[in-house]
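Working notes for the structure below.
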Amino acid sequence: MTLPDRWLVLKFGGTSVSRRERWDTIGRLARERAGAADARVLVVVSALSGVTNALQAIADGDGDGDRAGRAAALAERHRAFAVELDLDPDTVLGARLAALQALAVDPRAAARTLAWQAEVLAQGELLSSTLGAAYLRAQGLDFGWCDARDWLDAVALPNQNAWSTRLSASCRHQADAAWRARFAAQPARLLLTQGFIARHGDGGSAILGRGGSDTSAAYFGALLQAQRVEIWTDVPGLFSANPRIVPEARLLARLDYAEAQEIATTGAKVLHPRAIAPCRDARVPMAILDTARPDLPGTRIDASAATVPGVKAVSRRNGIVLVSMESIGMWQQVGFLADIFERFKRHGLSVDLIGSSETNVTVSLDPSDNLVSSNVIEALSADLAQVCRVKVIVPCAAITLVGRGMRSLLHRLGDVWATFGRERVHLLSQSSNDLNLTFVIDEADADGLLPLLHAELERSGAMPMHDPGVFGPSWQQIAHGRARRAPPWWEQRRETLLRLAAQGTPRYVYDLATLRERARALGAVAAIDRRYYALKANWHPAILRALAAEGFGFECVSAGELAHVFATLPELEPERVLFTPSFAPRAEYEAAFARGVTVTLDSVEALQRWPDLLRGRAVWLRLDLGRGDGHHAKVRTGGSAAKFGLPLARLDAFLEAARAGDLRIVGLHAHLGSGIEPAAHWREVYAELATLAERIGTVATIDIGGGLPVPYLPDAAPFDLDGWARDLAVIKAAYPQFALAVEPGRYLVAECGVLLLRATQVVEKDGVRRVGCDAGMNALLRPALYEAFHGIVNLSRADAGATMVCDVVGPICESGDVLGRQRALPAATAEGDVLLLADAGAYGRAMANTYNLRALPAEDVIE
């Protein structure tokens, strides 16, 4: 039978070859791939999980030095696995196990020669591939076995030392037709071989280094000019961050070789960095796939991937060694750097990052690319001390942002800079290829940083999460399924909304049923005694009446809001209204006291300047707890950068002035920001305020503010209201003497409102397609002000098929007039179509304006 001349290379790692059912998967995938592509399949396998570490312990002579005992334990493990595979261990593995045990007592073991170490380390893959080939043949598959050392030749590279030539080798990956013909002459359609090992120039074994099985697969893919190299592992692909640390990290669906190389080099453990170059040079596409989830699309890496600008990943590497070299003599001294780097070469060290000034050069050493031991560093330092002052800084962590066009993204990274501003940055490096930006900080300071950075990058738009050509589902979705969310109300009211849009756009539409649902959910939280609605979110009269009927009071921040709420609800009791202004004039406080509402103060200066107004009053006090939180810097209302609240350092001064002015503090209030994700945040705020309230002695009510998040993003989970309620119940039980108040705004009204616009033009410019609308930041300011996300759909073409990626913009003469970037809309979108912006009920119409003399949006209410 004539065999196909096309090849696919499939590599499987240690976790994929350590269980019987995984070998069944390997056999099935190889058979299916061969049939679907009409190709031959070469399977490259690693050692069983943990075996290479055990072999390394033998090679290192670790522990008690009982190499023979360790070898016997490994032999027993492979025998047991053979039995699990229904194979006879002696028949299948006898010769291999004898070779392993002979190496344990080899005369070269005492000296630990590099050649002997390589032979020891090679045994893991030889054992696993022998077992696997026997099992797959026993299952009736046409599998052959070949020794990778007969086909991969290690080459000596310039400046390599003996250790790296033997134990971190590189191989030739350009083959001629004769090589390919010899390889193709093997009779089986499916072949199985080893990763990690190659043939040294002296005929012995060479090792490709940790993670070398990926590189082996890439070498074979390049040599065979394969249709594709598939790296099968225990995760679904490359992610925008380590998903074990950042569950919200997104799968990277498609990358070009350069971005994949940077991500692998700067910390991702899924793919070895050296595996990409052979495939890139040979133009062989790569895929990273999950053995346990073979139906997931994984990550595709090839030359045809769209080069979308933006941060694709944030990664962390630990164990970085910084070497700082300082000398006044380096200023304009010819050859100084050459002298320094010659010393690194002398000690076999490869430099990663470099930073320099007139009198200092600082470099980093990555332990994954170097044999960085204390002896090596001591010897290097002594050598460098001959020409400069040396300081070694360890341990450090390198935090790297990877993506195309990093320089063009700097303006979007303000909050990222602020995050690093809280840590000590030893070295900052931007790559010359504009593909990465790296910060080196103390390793201890890096803990907990990746989730914060990932969230900031997504929020700022620097990480283009909504481009389906680049980003897939989040790890959380893959592992646990998509968040359960009820369909939005507007999907069932399409015809009604289209009829309203026909009356004119822009137009806000509010669904009172959704509003009541949110209000009743909050009303069911037993720990809360008083519920106030933050009027600034949306002051439509129908919304105020509906919330009043649900038992809500109202929080106002201006005399205008006070007048509006009482005009809308003339029978409203004053005690159901809070007045919480910020830097309002005295006249507004006078009006609030005259109405009999509860007034909140937040400065000592008010007591000092208006003693006649405040004497004898009972007020609430807003405190700044020294920190802010929320979805954007502009909504964080705590901390020294925010104008809100009395700082704790001035509380004693306020209390003293209050006593002098016969002012009683009957409520404490803190609101640290909006869109806060952790449900425990409010419990912590309550605990802090309760402790202070006990000290003050006159406080009856604690107000923990609002800021409950809304799932604006399509993949966001709804706020865990039940968890929030449980937290509040626990902390309320600890301080039962205080009434608990909350003042949400957006949580109640955001999802009940949509904005209807009409498309005006569809324009393409320099590869960017833009859909224009009859209103923009004048009708909905949040995207321009907060870089906020709102879902956008074409209501006129709800059932349209093909989509296009576009920016949705308004008619305002400002570059910031963008309602959404990189959104998927029907390709047929045209002038006159009605577009819907979702979750626009909060801070939409309330912040609308007449800039460019454009009319304010209309408003409608539906039941």
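Chain labels run A, B, ... following the order of the structure tokens; each chain numbers its residues from 1, and ligands are numbered from 1 in the order shown.
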Next item on the list: Skip A:Ala486 itself and residues of its chain fewer than 6 positions away, then list as a PyMOL selection string all residues within 12 Å of it, counting only C-alpha atoms.
Entry: chain A and resi 492+514+711+717-718+751
Next item on the list: Find the residues around A:Asp88 up to 12 Å (only C-alpha atoms counted), leave out those fewer than 5 positions away in its own chain, and share them as a PyMOL selection string.
Entry: chain A and resi 78-83+93-94+131+134-135+138
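Distances here use only C-alpha atoms; by that measure, the residue among A:Leu136, A:Val45, A:Val742, A:Val425 closest to A:Asp86 is A:Leu136.
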Checklist line | Residue neighbourhood stretch 237-245 of chain A, 10 Å, only C-alpha atoms, exclusion window fewer than 2 positions, as a PyMOL selection string | finding: chain A and resi 231-235+247-255+260+263-264+267-271+287-290+296-300+311-316+401-402+447-451+453-454+463+465+471-476
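Nearest residue to A:Gly667, choosing from A:Asp652, A:Asp703, A:Ala680, A:Gly132 and counting only C-alpha atoms: A:Asp703.
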Next item on the list: Go through A:Ala110, A:Ser603, A:Gln608, A:Ile665 one by one, measure the shortest atom-to-atom distance of each to A:Ala649 using only C-alpha atoms, and give the residue with the smallest value.
Entry: A:Ser603
Next item on the list: Report the distance between atom CA of A:Val771 and atom CA of A:Met406 in Å, rounded to one decimal place.
Entry: 26.3 Å
Notebook entry, point to check: Given the choices A:Asn159, A:Asp722, A:Pro811, A:Gln225, which gets closest to A:Phe344 if the distance is worked out from only C-alpha atoms?
Noted result: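 Smallest separation from A:Phe344 among the options: A:Asn159.
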Notebook entry, point to check: Between A:Arg149, A:Arg137, A:Arg459, A:Arg180, which is the closest to A:Ile207 once you count only C-alpha atoms?
Noted result: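 Smallest distance to A:Ile207 is found for A:Arg149.
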Next item on the list: Determine, counting only C-alpha atoms, which protein, DNA and RNA residues have an atom within 10 Å of an atom of A:Leu572; residues of the same chain fewer than 4 positions away are not included. Present the result as a ChimeraX atom specification.
Entry: /A:548,553-554,565-568,576-577
Margin query: I need the alpha helix (DSSP H) residues of stretch 323-362 of chain A per DSSP on the backbone, written as a ChimeraX atom specification.
Written below: /A:336-346
Take the residues just selected and output them with N, CA and C atoms as a JSON list (two decimals), in the first residue's frame.
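Result file again-v9.json:
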```json
[["chain", "number", "residue", "atom", "x", "y", "z"],
["A", 336, "PHE", "N", 34.02, 49.34, 26.89],
["A", 336, "PHE", "CA", 33.67, 48.96, 28.25],
["A", 336, "PHE", "C", 32.64, 47.83, 28.26],
["A", 337, "LEU", "N", 31.59, 47.96, 27.46],
["A", 337, "LEU", "CA", 30.56, 46.93, 27.41],
["A", 337, "LEU", "C", 31.13, 45.62, 26.87],
["A", 338, "ALA", "N", 32.02, 45.72, 25.90],
["A", 338, "ALA", "CA", 32.64, 44.51, 25.36],
["A", 338, "ALA", "C", 33.41, 43.77, 26.46],
["A", 339, "ASP", "N", 34.10, 44.53, 27.31],
["A", 339, "ASP", "CA", 34.84, 43.90, 28.41],
["A", 339, "ASP", "C", 33.89, 43.22, 29.39],
["A", 340, "ILE", "N", 32.78, 43.88, 29.68],
["A", 340, "ILE", "CA", 31.82, 43.31, 30.63],
["A", 340, "ILE", "C", 31.21, 42.03, 30.07],
["A", 341, "PHE", "N", 30.71, 42.10, 28.85],
["A", 341, "PHE", "CA", 29.99, 40.95, 28.30],
["A", 341, "PHE", "C", 30.93, 39.79, 27.99],
["A", 342, "GLU", "N", 32.19, 40.09, 27.79],
["A", 342, "GLU", "CA", 33.14, 38.99, 27.61],
["A", 342, "GLU", "C", 33.22, 38.16, 28.87],
["A", 343, "ARG", "N", 33.07, 38.81, 30.03],
["A", 343, "ARG", "CA", 33.11, 38.07, 31.30],
["A", 343, "ARG", "C", 31.87, 37.20, 31.47],
["A", 344, "PHE", "N", 30.72, 37.68, 31.03],
["A", 344, "PHE", "CA", 29.52, 36.82, 31.07],
["A", 344, "PHE", "C", 29.72, 35.61, 30.16],
["A", 345, "LYS", "N", 30.28, 35.83, 29.00],
["A", 345, "LYS", "CA", 30.54, 34.72, 28.09],
["A", 345, "LYS", "C", 31.51, 33.72, 28.72],
["A", 346, "ARG", "N", 32.49, 34.24, 29.41],
["A", 346, "ARG", "CA", 33.50, 33.40, 30.04],
["A", 346, "ARG", "C", 32.87, 32.43, 31.05]]
```
Next item on the list: Just the residues within 12 Å of A:Ala527, please, counting only C-alpha atoms, with nothing from its chain fewer than 6 positions along; format it as an MDAnalysis selection string.
Entry: chainID A and resid 683 686 702 722 724:736 738:742
Next item on the list: Could you give me, as a list in words, the residues within 6 Å of stretch 848-856 of chain A, counting only C-alpha atoms and dropping anything in the same chain fewer than 3 positions from it?
Entry: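 Here the answer would be Asn778, Ala779 and Arg845 of chain A.
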Next item on the list: Identify, on the basis of only C-alpha atoms, every residue whose closest approach to stretch 787-801 of chain A does not exceed 10 Å; exclude the query and any residue fewer than 4 positions from it along the same chain; express the result as a PyMOL selection string.
Entry: chain A and resi 412+459-461+490-491+494-495+497-498+631-632+711-714+754-759+780-783+808+816+818-821+823-830+832-840
Only C-alpha atoms, please: the residues just picked out, written as a PDB file, in the first residue's frame.
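File produced: part.pdb:
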```pdb
ATOM      1  CA  ARG A 412      -3.604  53.324  27.656  1.00  0.00           C
ATOM      2  CA  ARG A 459     -10.452  47.574  31.435  1.00  0.00           C
ATOM      3  CA  SER A 460      -8.254  50.090  29.627  1.00  0.00           C
ATOM      4  CA  GLY A 461      -8.754  48.450  26.247  1.00  0.00           C
ATOM      5  CA  TRP A 490     -34.684  43.443  25.317  1.00  0.00           C
ATOM      6  CA  GLU A 491     -34.205  40.236  23.340  1.00  0.00           C
ATOM      7  CA  ARG A 494     -37.341  43.640  19.801  1.00  0.00           C
ATOM      8  CA  GLU A 495     -40.479  44.669  17.904  1.00  0.00           C
ATOM      9  CA  LEU A 497     -38.071  48.680  20.618  1.00  0.00           C
ATOM     10  CA  LEU A 498     -38.047  49.002  16.830  1.00  0.00           C
ATOM     11  CA  HIS A 631     -13.670  49.425  37.688  1.00  0.00           C
ATOM     12  CA  HIS A 632     -11.798  52.623  36.720  1.00  0.00           C
ATOM     13  CA  PRO A 711     -21.934  42.328  34.318  1.00  0.00           C
ATOM     14  CA  TYR A 712     -21.399  44.663  31.383  1.00  0.00           C
ATOM     15  CA  LEU A 713     -18.934  42.332  29.651  1.00  0.00           C
ATOM     16  CA  PRO A 714     -20.463  39.408  27.756  1.00  0.00           C
ATOM     17  CA  VAL A 754     -30.983  50.481  26.638  1.00  0.00           C
ATOM     18  CA  LEU A 755     -29.979  53.232  24.226  1.00  0.00           C
ATOM     19  CA  LEU A 756     -31.352  53.078  20.690  1.00  0.00           C
ATOM     20  CA  LEU A 757     -29.342  54.740  17.931  1.00  0.00           C
ATOM     21  CA  ARG A 758     -29.554  54.723  14.172  1.00  0.00           C
ATOM     22  CA  ALA A 759     -26.600  53.931  11.917  1.00  0.00           C
ATOM     23  CA  LEU A 780     -23.703  58.013  26.410  1.00  0.00           C
ATOM     24  CA  LEU A 781     -20.561  59.437  27.988  1.00  0.00           C
ATOM     25  CA  ARG A 782     -19.383  56.335  29.880  1.00  0.00           C
ATOM     26  CA  PRO A 783     -17.230  54.808  27.073  1.00  0.00           C
ATOM     27  CA  VAL A 808     -18.904  52.014  16.576  1.00  0.00           C
ATOM     28  CA  GLY A 816     -12.761  60.043  21.994  1.00  0.00           C
ATOM     29  CA  VAL A 818     -16.108  55.955  20.314  1.00  0.00           C
ATOM     30  CA  LEU A 819     -18.918  53.826  21.739  1.00  0.00           C
ATOM     31  CA  GLY A 820     -17.179  50.497  21.167  1.00  0.00           C
ATOM     32  CA  ARG A 821     -14.013  49.166  19.557  1.00  0.00           C
ATOM     33  CA  ARG A 823     -17.180  44.881  17.914  1.00  0.00           C
ATOM     34  CA  ALA A 824     -18.814  42.170  15.842  1.00  0.00           C
ATOM     35  CA  LEU A 825     -21.833  43.449  13.893  1.00  0.00           C
ATOM     36  CA  PRO A 826     -23.631  41.942  10.898  1.00  0.00           C
ATOM     37  CA  ALA A 827     -21.631  42.416   7.720  1.00  0.00           C
ATOM     38  CA  ALA A 828     -24.801  43.787   6.114  1.00  0.00           C
ATOM     39  CA  THR A 829     -25.083  46.651   8.647  1.00  0.00           C
ATOM     40  CA  ALA A 830     -26.147  49.742   6.717  1.00  0.00           C
ATOM     41  CA  GLY A 832     -30.747  53.403   8.862  1.00  0.00           C
ATOM     42  CA  ASP A 833     -30.260  50.247  10.937  1.00  0.00           C
ATOM     43  CA  VAL A 834     -31.243  50.521  14.595  1.00  0.00           C
ATOM     44  CA  LEU A 835     -28.384  49.759  16.994  1.00  0.00           C
ATOM     45  CA  LEU A 836     -28.975  48.908  20.640  1.00  0.00           C
ATOM     46  CA  LEU A 837     -26.477  49.673  23.392  1.00  0.00           C
ATOM     47  CA  ALA A 838     -27.182  47.409  26.344  1.00  0.00           C
ATOM     48  CA  ASP A 839     -27.047  48.065  30.094  1.00  0.00           C
ATOM     49  CA  ALA A 840     -27.297  51.812  29.576  1.00  0.00           C
TER      50      ALA A 840
END
```
Checklist line | Members of stretch 157-207 of chain A assigned strand (DSSP E or B) by DSSP, as a ChimeraX atom specification | finding: /A:170-171,190-194,197-199,205-207
Item checked: Counting only C-alpha atoms, the residue of A:Val43, A:Ala162, A:Ile393, A:Ala501 that sits nearest A:Ala133 -> A:Val43
